[in-house]
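target-v7.csv, holding CSV, C-alpha atoms:
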```csv
chain,number,residue,atom,x,y,z
N,572,MET,CA,12.2,131.8,-54.8
N,573,ARG,CA,14.8,129.1,-54.2
N,574,ARG,CA,14.3,126.6,-51.4
N,575,ARG,CA,16.9,124.7,-49.4
N,576,ARG,CA,17.0,122.2,-46.4
N,577,VAL,CA,20.1,122.6,-44.2
N,578,PHE,CA,21.1,119.9,-41.8
N,579,TYR,CA,23.6,121.1,-39.2
N,580,ILE,CA,25.7,118.5,-37.4
N,581,PRO,CA,27.3,120.0,-34.3
N,582,GLY,CA,30.6,119.1,-32.8
N,583,TYR,CA,31.1,117.6,-29.3
N,584,ASP,CA,28.7,119.9,-27.5
N,585,PRO,CA,26.3,119.0,-24.6
N,586,ILE,CA,24.3,122.2,-25.1
N,587,HIS,CA,20.6,122.3,-26.2
N,588,PRO,CA,20.3,123.1,-30.0
N,589,ARG,CA,18.5,126.3,-29.3
N,590,ARG,CA,22.0,127.7,-28.7
N,591,TYR,CA,22.6,127.4,-32.5
N,592,ARG,CA,19.3,129.1,-33.3
N,593,GLU,CA,20.2,132.1,-31.1
N,594,LEU,CA,23.7,132.2,-32.6
N,595,TYR,CA,22.3,132.1,-36.2
N,596,ARG,CA,19.7,134.8,-35.3
N,597,LYS,CA,22.2,137.2,-33.7
N,598,GLU,CA,25.1,136.7,-36.1
N,599,GLY,CA,22.9,136.5,-39.2
N,600,ALA,CA,21.4,139.9,-38.3
N,601,ALA,CA,24.9,141.4,-37.9
N,602,GLN,CA,26.1,139.9,-41.2
N,603,ALA,CA,23.0,141.1,-43.0
N,604,GLN,CA,23.6,144.7,-41.8
N,605,ILE,CA,27.3,144.6,-42.7
N,606,SER,CA,26.7,143.0,-46.2
N,607,GLY,CA,23.5,144.9,-47.1
N,608,TYR,CA,21.0,142.0,-47.5
N,609,SER,CA,17.9,140.9,-45.7
N,610,LEU,CA,17.7,137.8,-43.4
N,611,THR,CA,14.6,136.9,-41.3
N,612,LEU,CA,14.1,134.0,-38.9
N,613,ALA,CA,10.7,132.3,-38.2
N,614,PRO,CA,9.6,129.0,-36.7
N,615,LYS,CA,10.5,126.0,-38.8
N,616,GLN,CA,8.1,124.7,-41.5
N,617,THR,CA,9.2,121.1,-41.6
N,618,LYS,CA,8.7,118.1,-39.4
N,619,GLY,CA,11.7,116.5,-37.6
N,620,PRO,CA,14.5,117.8,-35.4
N,621,TYR,CA,14.8,121.2,-33.7
N,622,GLY,CA,15.3,124.0,-36.2
N,623,TRP,CA,14.1,127.3,-37.7
N,624,HIS,CA,13.0,128.8,-41.0
N,625,VAL,CA,15.1,131.5,-42.8
N,626,ALA,CA,13.9,133.9,-45.5
N,627,ALA,CA,16.5,136.0,-47.3
N,628,GLU,CA,16.9,138.5,-50.1
N,629,MET,CA,20.4,138.8,-51.4
N,630,ASP,CA,21.6,140.5,-54.6
N,631,GLY,CA,18.0,141.0,-55.8
N,632,GLN,CA,17.1,137.3,-55.4
N,633,ARG,CA,14.9,135.7,-52.8
N,634,ALA,CA,15.5,132.3,-51.0
N,635,GLU,CA,14.2,130.3,-48.1
N,636,ALA,CA,15.8,127.6,-46.0
N,637,ASP,CA,14.8,125.3,-43.2
N,638,VAL,CA,17.7,124.7,-40.9
N,639,GLU,CA,17.6,121.6,-38.7
N,640,VAL,CA,20.1,120.6,-36.0
N,641,LEU,CA,21.0,116.9,-36.0
N,642,VAL,CA,21.2,116.4,-32.3
N,643,TRP,CA,23.7,114.0,-30.5
N,644,SER,CA,24.2,116.2,-27.4
N,645,ASP,CA,22.6,113.5,-25.3
N,646,ILE,CA,25.4,111.1,-26.3
N,647,VAL,CA,27.9,113.8,-25.5
N,648,ARG,CA,26.3,114.3,-22.0
N,649,GLY,CA,26.4,110.6,-21.4
N,650,SER,CA,30.2,110.5,-22.2
N,651,MET,CA,30.8,113.3,-19.7
N,652,ASP,CA,29.4,111.5,-16.7
N,653,ALA,CA,32.9,110.4,-15.5
N,654,THR,CA,33.8,111.1,-11.8
N,655,ILE,CA,36.9,113.0,-10.9
N,656,PRO,CA,39.0,109.8,-10.6
N,657,GLY,CA,37.4,108.5,-13.8
N,658,THR,CA,38.4,111.7,-15.7
N,659,TYR,CA,42.0,111.3,-14.5
N,660,TRP,CA,41.9,107.7,-15.7
N,661,GLN,CA,40.6,109.0,-19.1
N,662,LEU,CA,43.6,111.3,-19.1
N,663,VAL,CA,46.1,108.4,-18.7
N,664,ARG,CA,44.3,106.1,-21.2
N,665,THR,CA,43.9,108.8,-23.9
N,666,ALA,CA,47.5,110.0,-23.6
N,667,TRP,CA,48.7,106.4,-23.9
N,668,ILE,CA,46.6,105.7,-27.0
N,669,TYR,CA,47.8,108.8,-28.9
N,670,ILE,CA,51.4,108.4,-27.8
N,671,SER,CA,51.8,104.6,-28.2
N,672,THR,CA,50.2,104.5,-31.6
N,673,GLY,CA,52.4,107.3,-32.9
N,674,ALA,CA,49.3,109.4,-33.7
N,675,LEU,CA,50.3,112.4,-31.5
N,676,ARG,CA,53.7,112.7,-33.2
N,677,ARG,CA,52.2,112.6,-36.7
N,678,LEU,CA,49.4,115.1,-35.8
N,679,MET,CA,52.1,117.5,-34.7
N,680,ARG,CA,53.5,117.4,-38.3
N,681,LEU,CA,50.2,118.9,-39.5
N,682,ARG,CA,49.4,121.8,-37.1
N,683,LYS,CA,50.7,122.6,-33.7
N,684,GLY,CA,47.5,124.5,-32.6
N,685,PRO,CA,45.1,121.6,-32.3
N,686,VAL,CA,47.8,119.4,-30.7
N,687,ILE,CA,48.4,122.1,-28.1
N,688,ALA,CA,44.6,122.4,-27.6
N,689,ALA,CA,44.6,118.6,-27.1
N,690,LEU,CA,47.4,118.8,-24.6
N,691,TYR,CA,45.8,121.7,-22.7
N,692,PRO,CA,43.3,119.6,-20.7
N,693,VAL,CA,46.2,117.2,-19.8
N,694,GLY,CA,48.3,120.1,-18.4
N,695,MET,CA,45.4,121.8,-16.7
N,696,LEU,CA,44.2,118.7,-15.0
N,697,LEU,CA,47.7,117.8,-13.8
N,698,LEU,CA,48.1,121.4,-12.5
N,699,GLN,CA,44.8,121.0,-10.6
N,700,ALA,CA,46.0,117.7,-9.2
N,701,LEU,CA,49.3,119.3,-8.1
N,702,LEU,CA,47.5,122.2,-6.4
N,703,ALA,CA,45.2,119.7,-4.6
N,704,LEU,CA,48.2,117.7,-3.4
N,705,LEU,CA,50.0,120.9,-2.2
N,706,LEU,CA,46.8,121.9,-0.3
N,707,ALA,CA,46.6,118.4,1.2
N,708,TRP,CA,50.2,118.6,2.3
N,709,GLY,CA,49.7,122.1,3.7
N,710,VAL,CA,46.6,121.2,5.7
N,711,ALA,CA,48.3,118.1,7.1
N,712,ARG,CA,51.4,120.0,7.9
N,713,ALA,CA,49.4,122.8,9.6
N,714,PHE,CA,47.4,120.3,11.6
N,715,GLY,CA,50.7,118.6,12.7
N,716,ILE,CA,52.1,121.9,13.9
N,717,LEU,CA,48.9,122.7,15.8
N,718,ALA,CA,48.8,119.3,17.4
N,719,GLY,CA,52.4,119.7,18.5
N,720,LEU,CA,51.6,123.0,20.1
N,721,LEU,CA,48.8,121.3,22.0
N,722,SER,CA,51.2,118.5,23.0
N,723,LEU,CA,49.2,116.0,20.9
N,724,GLY,CA,51.0,113.5,18.8
N,725,GLY,CA,51.2,109.9,17.6
N,726,PRO,CA,50.2,108.0,14.5
N,727,LEU,CA,46.5,108.7,15.0
N,728,THR,CA,47.1,112.4,15.0
N,729,THR,CA,49.2,112.1,11.8
N,730,LEU,CA,46.6,110.0,10.2
N,731,LEU,CA,43.9,112.5,11.1
N,732,GLY,CA,46.0,115.3,9.7
N,733,TRP,CA,46.4,113.6,6.4
N,734,ASN,CA,42.7,112.7,6.2
N,735,LEU,CA,41.8,116.4,6.7
N,736,GLY,CA,44.4,117.3,4.1
N,737,LEU,CA,43.2,114.8,1.5
N,738,GLY,CA,39.6,116.0,2.1
N,739,ALA,CA,40.6,119.6,1.5
N,740,GLY,CA,42.5,118.5,-1.7
N,741,TYR,CA,39.5,116.6,-3.0
N,742,ALA,CA,37.3,119.6,-2.2
N,743,LEU,CA,39.6,121.8,-4.3
N,744,LEU,CA,39.3,119.3,-7.2
N,745,ARG,CA,35.5,119.4,-6.9
N,746,TRP,CA,35.7,123.2,-7.0
N,747,PHE,CA,37.7,123.1,-10.2
N,748,LYS,CA,35.2,120.7,-11.8
N,749,ARG,CA,32.2,122.8,-10.8
N,750,ARG,CA,33.8,125.8,-12.5
N,751,ASP,CA,34.9,124.0,-15.6
N,752,GLY,CA,32.9,126.4,-17.7
N,753,LYS,CA,35.8,128.8,-17.2
N,754,PHE,CA,38.7,126.2,-17.5
N,755,PHE,CA,37.3,123.7,-20.1
N,756,ALA,CA,39.7,121.1,-18.8
N,757,TYR,CA,37.1,118.4,-18.1
N,758,TYR,CA,35.1,119.2,-21.2
N,759,LEU,CA,38.1,118.9,-23.5
N,760,MET,CA,39.3,115.8,-21.8
N,761,HIS,CA,36.0,114.1,-22.3
N,762,ASP,CA,36.0,115.2,-25.9
N,763,TYR,CA,39.4,113.7,-26.8
N,764,ALA,CA,38.7,110.6,-24.6
N,765,HIS,CA,35.4,110.0,-26.5
N,766,ALA,CA,37.2,109.6,-29.8
N,767,ALA,CA,40.2,107.7,-28.4
N,768,ALA,CA,38.2,105.2,-26.3
N,769,THR,CA,37.5,103.1,-29.3
N,770,ARG,CA,40.8,104.0,-31.1
N,771,GLY,CA,38.8,105.6,-33.9
N,772,ALA,CA,36.0,103.0,-34.3
N,773,ILE,CA,32.4,104.2,-34.2
N,774,GLU,CA,30.4,103.2,-31.1
N,775,PRO,CA,27.1,101.3,-31.7
N,776,GLU,CA,25.0,104.1,-30.1
N,777,MET,CA,26.6,106.7,-32.4
N,778,GLU,CA,26.2,104.4,-35.4
N,779,ALA,CA,22.5,104.1,-34.7
N,780,ARG,CA,22.2,107.9,-34.4
N,781,MET,CA,24.0,108.4,-37.7
N,782,GLY,CA,21.5,106.1,-39.3
N,783,GLN,CA,18.7,108.4,-38.1
N,784,PHE,CA,20.6,111.4,-39.6
N,785,ARG,CA,21.0,109.6,-42.9
N,786,ALA,CA,17.2,108.8,-43.0
N,787,LEU,CA,16.3,112.4,-42.5
N,788,ILE,CA,18.7,113.6,-45.3
N,789,ALA,CA,17.5,110.9,-47.6
N,790,GLU,CA,13.9,112.0,-47.1
N,791,ALA,CA,14.7,115.6,-47.9
N,792,LEU,CA,16.4,114.4,-51.1
N,793,GLN,CA,13.0,113.1,-52.2
N,794,ASP,CA,11.5,116.7,-52.2
N,795,LYS,CA,11.6,117.9,-55.8
N,796,GLY,CA,10.6,121.4,-54.6
N,797,LEU,CA,14.0,122.0,-53.2
N,798,GLU,CA,17.0,123.3,-55.0
N,799,GLU,CA,19.5,122.0,-52.5
N,800,VAL,CA,20.0,119.8,-49.5
N,801,LEU,CA,23.0,121.1,-47.6
N,802,VAL,CA,24.7,119.2,-44.8
N,803,VAL,CA,27.0,121.3,-42.5
N,804,GLY,CA,29.5,119.5,-40.2
N,805,HIS,CA,31.3,121.7,-37.6
N,806,SER,CA,34.3,120.4,-35.7
N,807,SER,CA,33.7,116.8,-34.7
N,808,GLY,CA,30.5,117.0,-36.7
N,809,ALA,CA,32.6,117.0,-39.9
N,810,HIS,CA,33.8,113.4,-39.6
N,811,LEU,CA,30.3,112.3,-38.6
N,812,GLY,CA,29.0,114.0,-41.8
N,813,VAL,CA,31.5,112.2,-43.9
N,814,SER,CA,30.3,108.8,-42.8
N,815,VAL,CA,26.6,109.8,-42.9
N,816,LEU,CA,26.9,111.0,-46.5
N,817,ALA,CA,29.1,108.1,-47.6
N,818,ASP,CA,26.5,105.6,-46.5
N,819,LEU,CA,23.7,107.7,-48.0
N,820,ILE,CA,25.3,107.7,-51.5
N,821,ARG,CA,26.2,104.0,-51.2
N,822,GLU,CA,22.5,103.2,-50.7
N,823,GLY,CA,21.7,105.3,-53.8
N,824,VAL,CA,20.2,108.7,-54.2
N,825,PRO,CA,17.3,109.6,-56.6
N,826,PRO,CA,18.4,110.6,-60.1
N,827,GLU,CA,15.9,113.5,-60.0
N,828,ARG,CA,16.7,115.3,-56.8
N,829,PRO,CA,18.0,118.6,-55.3
N,830,ALA,CA,21.7,119.4,-55.4
N,831,LEU,CA,23.5,117.8,-52.5
N,832,GLY,CA,26.1,120.0,-50.7
N,833,PHE,CA,28.5,119.2,-47.9
N,834,LEU,CA,30.2,122.0,-46.0
N,835,THR,CA,32.8,121.1,-43.3
N,836,LEU,CA,33.9,123.8,-40.9
N,837,GLY,CA,36.8,123.8,-38.4
N,838,GLN,CA,37.3,120.1,-39.0
N,839,VAL,CA,39.3,117.9,-36.6
N,840,VAL,CA,39.1,114.8,-38.8
N,841,PRO,CA,42.8,113.7,-38.3
N,842,MET,CA,42.2,113.4,-34.5
N,843,VAL,CA,40.1,110.4,-35.4
N,844,SER,CA,41.3,109.2,-38.8
N,845,PHE,CA,44.9,108.9,-37.5
N,846,LEU,CA,43.9,106.3,-34.9
N,847,PRO,CA,44.4,102.6,-35.7
N,848,ARG,CA,40.7,101.4,-35.7
N,849,ALA,CA,39.3,104.3,-37.7
N,850,ARG,CA,39.1,102.0,-40.7
N,851,ARG,CA,35.4,102.9,-41.3
N,852,LEU,CA,36.1,106.7,-41.3
N,853,ARG,CA,39.1,106.2,-43.7
N,854,ALA,CA,37.0,104.1,-46.0
N,855,ASP,CA,34.3,106.8,-46.0
N,856,LEU,CA,36.8,109.6,-46.7
N,857,LYS,CA,38.2,107.6,-49.6
N,858,TYR,CA,34.8,106.9,-51.0
N,859,LEU,CA,33.2,110.3,-50.6
N,860,CYS,CA,36.1,112.2,-52.1
N,861,GLN,CA,35.4,110.5,-55.5
N,862,ARG,CA,31.7,111.0,-55.7
N,863,GLU,CA,30.0,113.3,-58.3
N,864,GLU,CA,26.7,113.1,-56.4
N,865,LEU,CA,27.7,116.0,-54.1
N,866,ALA,CA,29.9,119.1,-53.8
N,867,TRP,CA,32.1,119.1,-50.7
N,868,VAL,CA,33.8,122.3,-49.5
N,869,ASP,CA,36.1,122.3,-46.5
N,870,VAL,CA,36.7,125.7,-44.7
N,871,THR,CA,39.1,126.3,-41.9
N,872,ALA,CA,41.4,129.1,-40.9
N,873,PRO,CA,45.0,129.2,-39.5
N,874,GLY,CA,43.7,131.6,-36.8
N,875,ASP,CA,41.5,128.7,-35.4
N,876,GLY,CA,43.9,126.9,-33.0
N,877,CYS,CA,41.3,124.1,-32.4
N,878,ALA,CA,41.1,123.0,-36.1
N,879,PHE,CA,43.5,121.3,-38.5
N,880,ALA,CA,43.6,124.4,-40.7
N,881,LEU,CA,44.0,123.8,-44.4
N,882,CYS,CA,44.7,120.1,-43.9
N,883,ASP,CA,43.0,118.2,-46.7
N,884,PRO,CA,41.3,115.5,-44.5
N,885,VAL,CA,41.4,112.9,-47.2
N,886,ALA,CA,45.0,113.4,-48.3
N,887,VAL,CA,46.6,113.7,-44.8
N,888,SER,CA,44.7,110.5,-43.8
N,889,GLY,CA,46.6,108.7,-46.5
N,890,VAL,CA,43.6,107.5,-48.5
N,891,ALA,CA,43.4,109.9,-51.4
N,892,PRO,CA,42.8,107.9,-54.7
N,893,GLU,CA,44.0,109.1,-58.1
N,894,ASN,CA,40.6,110.3,-59.1
N,895,LYS,CA,40.0,112.4,-56.0
N,896,ARG,CA,37.5,115.2,-56.6
N,897,TRP,CA,36.8,116.6,-53.1
N,898,PRO,CA,37.0,118.4,-50.8
N,899,LEU,CA,37.7,121.9,-52.1
N,900,VAL,CA,39.9,123.2,-49.2
N,901,PHE,CA,40.3,126.9,-48.6
N,902,SER,CA,40.7,129.4,-45.8
N,903,ALA,CA,38.2,131.7,-44.1
N,904,ALA,CA,41.3,133.9,-43.5
N,905,PHE,CA,40.3,135.4,-40.2
N,906,THR,CA,43.1,137.9,-40.3
N,907,GLN,CA,41.7,139.4,-43.5
N,908,THR,CA,38.0,138.9,-43.1
N,909,LEU,CA,38.0,140.3,-39.6
N,910,SER,CA,39.0,143.9,-39.0
N,911,PRO,CA,42.2,144.5,-37.0
N,912,GLU,CA,40.1,145.7,-34.1
N,913,ARG,CA,37.8,142.7,-34.2
N,914,TRP,CA,40.7,140.3,-34.6
N,915,GLN,CA,42.4,141.8,-31.6
N,916,GLN,CA,39.3,141.2,-29.6
N,917,LEU,CA,39.0,137.5,-30.6
N,918,ARG,CA,42.5,136.2,-31.3
N,919,TRP,CA,43.1,134.8,-27.8
N,920,ARG,CA,39.5,133.6,-27.3
N,921,PHE,CA,40.4,130.2,-28.8
N,922,PHE,CA,37.0,128.5,-28.3
N,923,ARG,CA,35.1,131.5,-29.6
N,924,LEU,CA,37.3,131.5,-32.7
N,925,HIS,CA,36.4,127.9,-33.3
N,926,PHE,CA,32.8,129.0,-33.8
N,927,GLN,CA,33.7,132.0,-36.0
N,928,TYR,CA,32.7,130.1,-39.1
N,929,LEU,CA,29.1,130.3,-37.9
N,930,CYS,CA,29.4,134.0,-37.2
N,931,ALA,CA,29.5,137.4,-38.9
N,932,PHE,CA,32.6,138.8,-40.5
N,933,ASP,CA,33.0,142.6,-40.6
N,934,ARG,CA,35.2,142.4,-43.7
N,935,PRO,CA,33.6,139.4,-45.5
N,936,GLY,CA,35.4,137.7,-48.3
N,937,ASP,CA,34.0,134.8,-50.4
N,938,TYR,CA,33.1,132.8,-47.3
N,939,ASP,CA,29.8,133.9,-45.7
N,940,TYR,CA,27.9,131.2,-43.7
N,941,PHE,CA,24.6,133.0,-44.2
N,942,ARG,CA,24.9,133.4,-47.9
N,943,ILE,CA,25.8,129.6,-48.1
N,944,THR,CA,22.9,128.4,-45.9
N,945,ALA,CA,20.2,130.9,-46.9
N,946,GLY,CA,21.2,132.5,-50.2
N,947,PRO,CA,20.1,131.8,-53.7
N,948,LEU,CA,23.1,129.9,-54.9
N,949,THR,CA,23.9,126.2,-54.2
N,950,LEU,CA,27.2,125.3,-52.7
N,951,ALA,CA,28.4,124.0,-56.1
N,952,GLU,CA,27.3,127.1,-57.9
N,953,ARG,CA,28.9,129.4,-55.3
N,954,TYR,CA,32.3,127.8,-55.5
N,955,LYS,CA,32.5,126.4,-59.0
N,956,ASN,CA,35.4,128.6,-59.9
N,957,ARG,CA,37.1,128.8,-56.5
N,958,LYS,CA,40.6,127.5,-56.4
N,959,PRO,CA,41.9,125.7,-53.3
N,960,SER,CA,44.2,127.5,-51.0
N,961,ARG,CA,47.8,127.2,-52.2
N,962,SER,CA,49.1,126.7,-48.6
N,963,ARG,CA,46.9,123.7,-48.0
N,964,ILE,CA,48.5,120.5,-46.7
N,965,ASP,CA,47.7,117.6,-49.0
N,966,VAL,CA,50.4,115.0,-48.4
N,967,PRO,CA,49.8,111.6,-46.6
N,968,VAL,CA,50.8,111.8,-42.9
N,969,SER,CA,48.8,109.1,-41.1
N,970,LYS,CA,50.6,105.9,-40.1
N,971,PHE,CA,47.4,103.9,-40.3
N,972,THR,CA,45.8,103.8,-43.8
N,973,SER,CA,43.8,100.6,-43.8
N,974,VAL,CA,40.1,100.9,-44.6
N,975,ALA,CA,37.0,98.9,-43.9
N,976,ALA,CA,35.8,96.5,-46.6
N,977,GLU,CA,33.2,98.0,-48.9
```
Entire entry expressed as structure tokens:
Amino acid sequence: MRRRRVFYIPGYDPIHPRRYRELYRKEGAAQAQISGYSLTLAPKQTKGPYGWHVAAEMDGQRAEADVEVLVWSDIVRGSMDATIPGTYWQLVRTAWIYISTGALRRLMRLRKGPVIAALYPVGMLLLQALLALLLAWGVARAFGILAGLLSLGGPLTTLLGWNLGLGAGYALLRWFKRRDGKFFAYYLMHDYAHAAATRGAIEPEMEARMGQFRALIAEALQDKGLEEVLVVGHSSGAHLGVSVLADLIREGVPPERPALGFLTLGQVVPMVSFLPRARRLRADLKYLCQREELAWVDVTAPGDGCAFALCDPVAVSGVAPENKRWPLVFSAAFTQTLSPERWQQLRWRFFRLHFQYLCAFDRPGDYDYFRITAGPLTLAERYKNRKPSRSRIDVPVSKFTSVAAE
């Protein structure tokens, strides 16, 4: 029996962590049936954050894992409190930061998909504003025609018409915001604005939360009954994990300890590391990529339009030293690991594809989230002979390469 602790760091997501348990339960059962192994969930057996216990039997070997979600959804919700005018101000400010610093132009040299995803909320919010203005004009115009037919007129009538029109336009904007679960315009705008607000620096509230994450992982590393402590960072959670683990290793880890693994999935590190004040993140990338205390594997897929697929986050950020060891960068290869029928169902569901790394594959290759998090092999053992993808991008692209002092 091999035992593991898994710490999952979500991306920018305001949802309760039970969502990840249900996703793991549903998709894990599907993958177990496809791949012919056993996977069972039960209540967690450790203290600490929300989580669950997994028992698995794979390839004749048994393993157990306690999976815990490192929650920062309350910080996410706090950053999403902007009013409608406040959101449009975020749009202007965020666009200015990425354009004026040259970050947007350089990001486009990596992958067009995530840049288009970043521009989507801008375009959608501008479209909503245009429709609201057209509605306001139409209502004011209709009121003016009606007033003329009733032989009413004058500046007060015109002013009343425009007041009614602007009220109708604002009501339409409120309607769009209430239904953002379908449009994702406000959600994505808040996401990009959250990173850009400090031009890449880490906010004090987030710094304090990362300290809590680090303490939980450090405590798990004291447990000699474990074979592995695995940290998983998805989307924005990837760059949070980089800084958490860099600080953890700087503080020192026990010589007698479980193996330490770091798995980054669908990472968007360049969206932050390309900003001028991301000196802390760039320093952490430079430091972590050299360390022998952990194994770091980075998995993305060109089919995921929301991630910087196959972009080595250290190299493209311009901070790769000569003795760089990590990360091992390879593709989940959605077009190969999903059947043509399944790929056809998912290929235009961009946000769903961004979570595919946490889901079942009906033609699994050497990437299987459930084998990694609940199977008998450590991350280092599983991928010790894995070569990086030949199509990875590992050249420096960022304009800003300064790092924080150690």
Taken to one decimal, the atom CA of N:Phe879-atom CA of N:Pro841 distance is 7.6 Å
Report task. Using only C-alpha atoms, find all polymer residues with an atom at most 12 Å away from the point (22.6, 124.3, -44.4); report them as a ChimeraX atom specification. Result -> /N:574-581,595,622-625,635-641,788,799-805,831-836,929,940-946,948-950
Point to revise | Near-stretch 893-898 of chain N list (10 Å; only C-alpha atoms; drop same-chain fewer than 3 positions) as a PyMOL selection string | key: chain N and resi 833-835+856-863+865-870+883-886+890+901+959
Taken to one decimal, the atom CA of N:Val900-atom CA of N:Lys958 distance is 8.4 Å
Which residues, written as a list in words, have at least one atom at most 9 Å from N:Ile605, with all atoms listed in the file counted and residues fewer than 4 positions away on the same chain left out?
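Listed by chain and then number, they are Ala600, Ala601, Ala931, Phe932, Asp933, Arg934 and Pro935 of chain N.
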Test item: residues at most 8 Å from N:Leu759, all atoms listed in the file, excluding those fewer than 4 positions along its chain, as a list in words = Ala689, Pro692, Phe755 and Tyr763 of chain N
Save out the residues we just selected, C-alpha atoms, as a compact mmCIF listing (two decimals), in the frame of the given file.
```txt
# COMPACT_ATOMS: atom_id res chain seq x y z
CA ALA N 689 44.60 118.60 -27.10
CA PRO N 692 43.30 119.60 -20.70
CA PHE N 755 37.30 123.70 -20.10
CA TYR N 763 39.40 113.70 -26.80
```
Taking 3 positions as the minimum chain separation for residues in the same chain, which residues sit within 10 Å of N:Arg648 when counting all atoms listed in the file? Answer as a count of residues only. 10
Stretch 750-839 of chain N residues near stretch 665-676 of chain N within 10 Å, closest pair each, using all atoms listed in the file, as CSV:
```
residue,atom,partner,partner_atom,distance
N:Met760,CA,N:Thr665,CA,8.6
N:His761,CA,N:Thr665,CA,9.6
N:Tyr763,CA,N:Thr665,CA,7.3
N:Ala764,CA,N:Thr665,CA,5.5
N:His765,CA,N:Thr665,CA,9.0
N:Ala766,CA,N:Thr665,CA,9.0
N:Ala767,CA,N:Thr665,CA,5.9
N:Ala768,CA,N:Thr665,CA,7.2
N:Thr769,CA,N:Ile668,CA,9.7
N:Arg770,CA,N:Ile668,CA,7.3
```
Nearest to N:Lys753, restricted to all atoms listed in the file and choosing among N:Ala903, N:Pro947, N:Ser606, N:Phe922, comes out as N:Phe922
Restricting to only C-alpha atoms, whichever of N:Ala688, N:Leu917, N:Ala975, N:Ile655 is closest to N:Ile773 is N:Ala975
Would you mind writing stretch 817-833 of chain N with N, CA and C atoms, as a PDB file, keeping the file's coordinate frame?
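Saved to part_31.pdb:
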```pdb
ATOM      1  N   ALA N 817      28.557 109.244 -46.916  1.00  0.00           N
ATOM      2  CA  ALA N 817      29.100 108.100 -47.600  1.00  0.00           C
ATOM      3  C   ALA N 817      28.107 106.963 -47.674  1.00  0.00           C
ATOM      4  N   ASP N 818      27.493 106.665 -46.534  1.00  0.00           N
ATOM      5  CA  ASP N 818      26.500 105.600 -46.500  1.00  0.00           C
ATOM      6  C   ASP N 818      25.252 105.964 -47.312  1.00  0.00           C
ATOM      7  N   LEU N 819      24.875 107.228 -47.253  1.00  0.00           N
ATOM      8  CA  LEU N 819      23.700 107.700 -48.000  1.00  0.00           C
ATOM      9  C   LEU N 819      23.907 107.446 -49.514  1.00  0.00           C
ATOM     10  N   ILE N 820      25.063 107.807 -50.019  1.00  0.00           N
ATOM     11  CA  ILE N 820      25.300 107.700 -51.500  1.00  0.00           C
ATOM     12  C   ILE N 820      25.508 106.192 -51.828  1.00  0.00           C
ATOM     13  N   ARG N 821      26.099 105.409 -50.932  1.00  0.00           N
ATOM     14  CA  ARG N 821      26.200 104.000 -51.200  1.00  0.00           C
ATOM     15  C   ARG N 821      24.837 103.335 -51.385  1.00  0.00           C
ATOM     16  N   GLU N 822      23.893 103.780 -50.578  1.00  0.00           N
ATOM     17  CA  GLU N 822      22.500 103.200 -50.700  1.00  0.00           C
ATOM     18  C   GLU N 822      21.831 103.673 -51.939  1.00  0.00           C
ATOM     19  N   GLY N 823      22.300 104.756 -52.547  1.00  0.00           N
ATOM     20  CA  GLY N 823      21.700 105.300 -53.800  1.00  0.00           C
ATOM     21  C   GLY N 823      20.836 106.484 -53.511  1.00  0.00           C
ATOM     22  N   VAL N 824      21.018 107.511 -54.328  1.00  0.00           N
ATOM     23  CA  VAL N 824      20.200 108.700 -54.200  1.00  0.00           C
ATOM     24  C   VAL N 824      19.372 108.864 -55.478  1.00  0.00           C
ATOM     25  N   PRO N 825      18.216 109.523 -55.396  1.00  0.00           N
ATOM     26  CA  PRO N 825      17.300 109.600 -56.600  1.00  0.00           C
ATOM     27  C   PRO N 825      18.008 110.373 -57.713  1.00  0.00           C
ATOM     28  N   PRO N 826      17.796 109.934 -58.943  1.00  0.00           N
ATOM     29  CA  PRO N 826      18.400 110.600 -60.100  1.00  0.00           C
ATOM     30  C   PRO N 826      17.809 112.047 -60.252  1.00  0.00           C
ATOM     31  N   GLU N 827      16.519 112.179 -59.956  1.00  0.00           N
ATOM     32  CA  GLU N 827      15.900 113.500 -60.000  1.00  0.00           C
ATOM     33  C   GLU N 827      15.775 114.000 -58.569  1.00  0.00           C
ATOM     34  N   ARG N 828      16.648 114.883 -58.200  1.00  0.00           N
ATOM     35  CA  ARG N 828      16.700 115.300 -56.800  1.00  0.00           C
ATOM     36  C   ARG N 828      17.351 116.684 -56.710  1.00  0.00           C
ATOM     37  N   PRO N 829      17.256 117.314 -55.520  1.00  0.00           N
ATOM     38  CA  PRO N 829      18.000 118.600 -55.300  1.00  0.00           C
ATOM     39  C   PRO N 829      19.480 118.352 -55.332  1.00  0.00           C
ATOM     40  N   ALA N 830      20.209 119.434 -55.531  1.00  0.00           N
ATOM     41  CA  ALA N 830      21.700 119.400 -55.400  1.00  0.00           C
ATOM     42  C   ALA N 830      22.025 119.001 -53.979  1.00  0.00           C
ATOM     43  N   LEU N 831      23.084 118.230 -53.818  1.00  0.00           N
ATOM     44  CA  LEU N 831      23.500 117.800 -52.500  1.00  0.00           C
ATOM     45  C   LEU N 831      24.876 118.495 -52.190  1.00  0.00           C
ATOM     46  N   GLY N 832      24.904 119.279 -51.125  1.00  0.00           N
ATOM     47  CA  GLY N 832      26.100 120.000 -50.700  1.00  0.00           C
ATOM     48  C   GLY N 832      26.587 119.534 -49.359  1.00  0.00           C
ATOM     49  N   PHE N 833      27.888 119.565 -49.166  1.00  0.00           N
ATOM     50  CA  PHE N 833      28.500 119.200 -47.900  1.00  0.00           C
ATOM     51  C   PHE N 833      29.528 120.224 -47.536  1.00  0.00           C
TER      52      PHE N 833
END
```
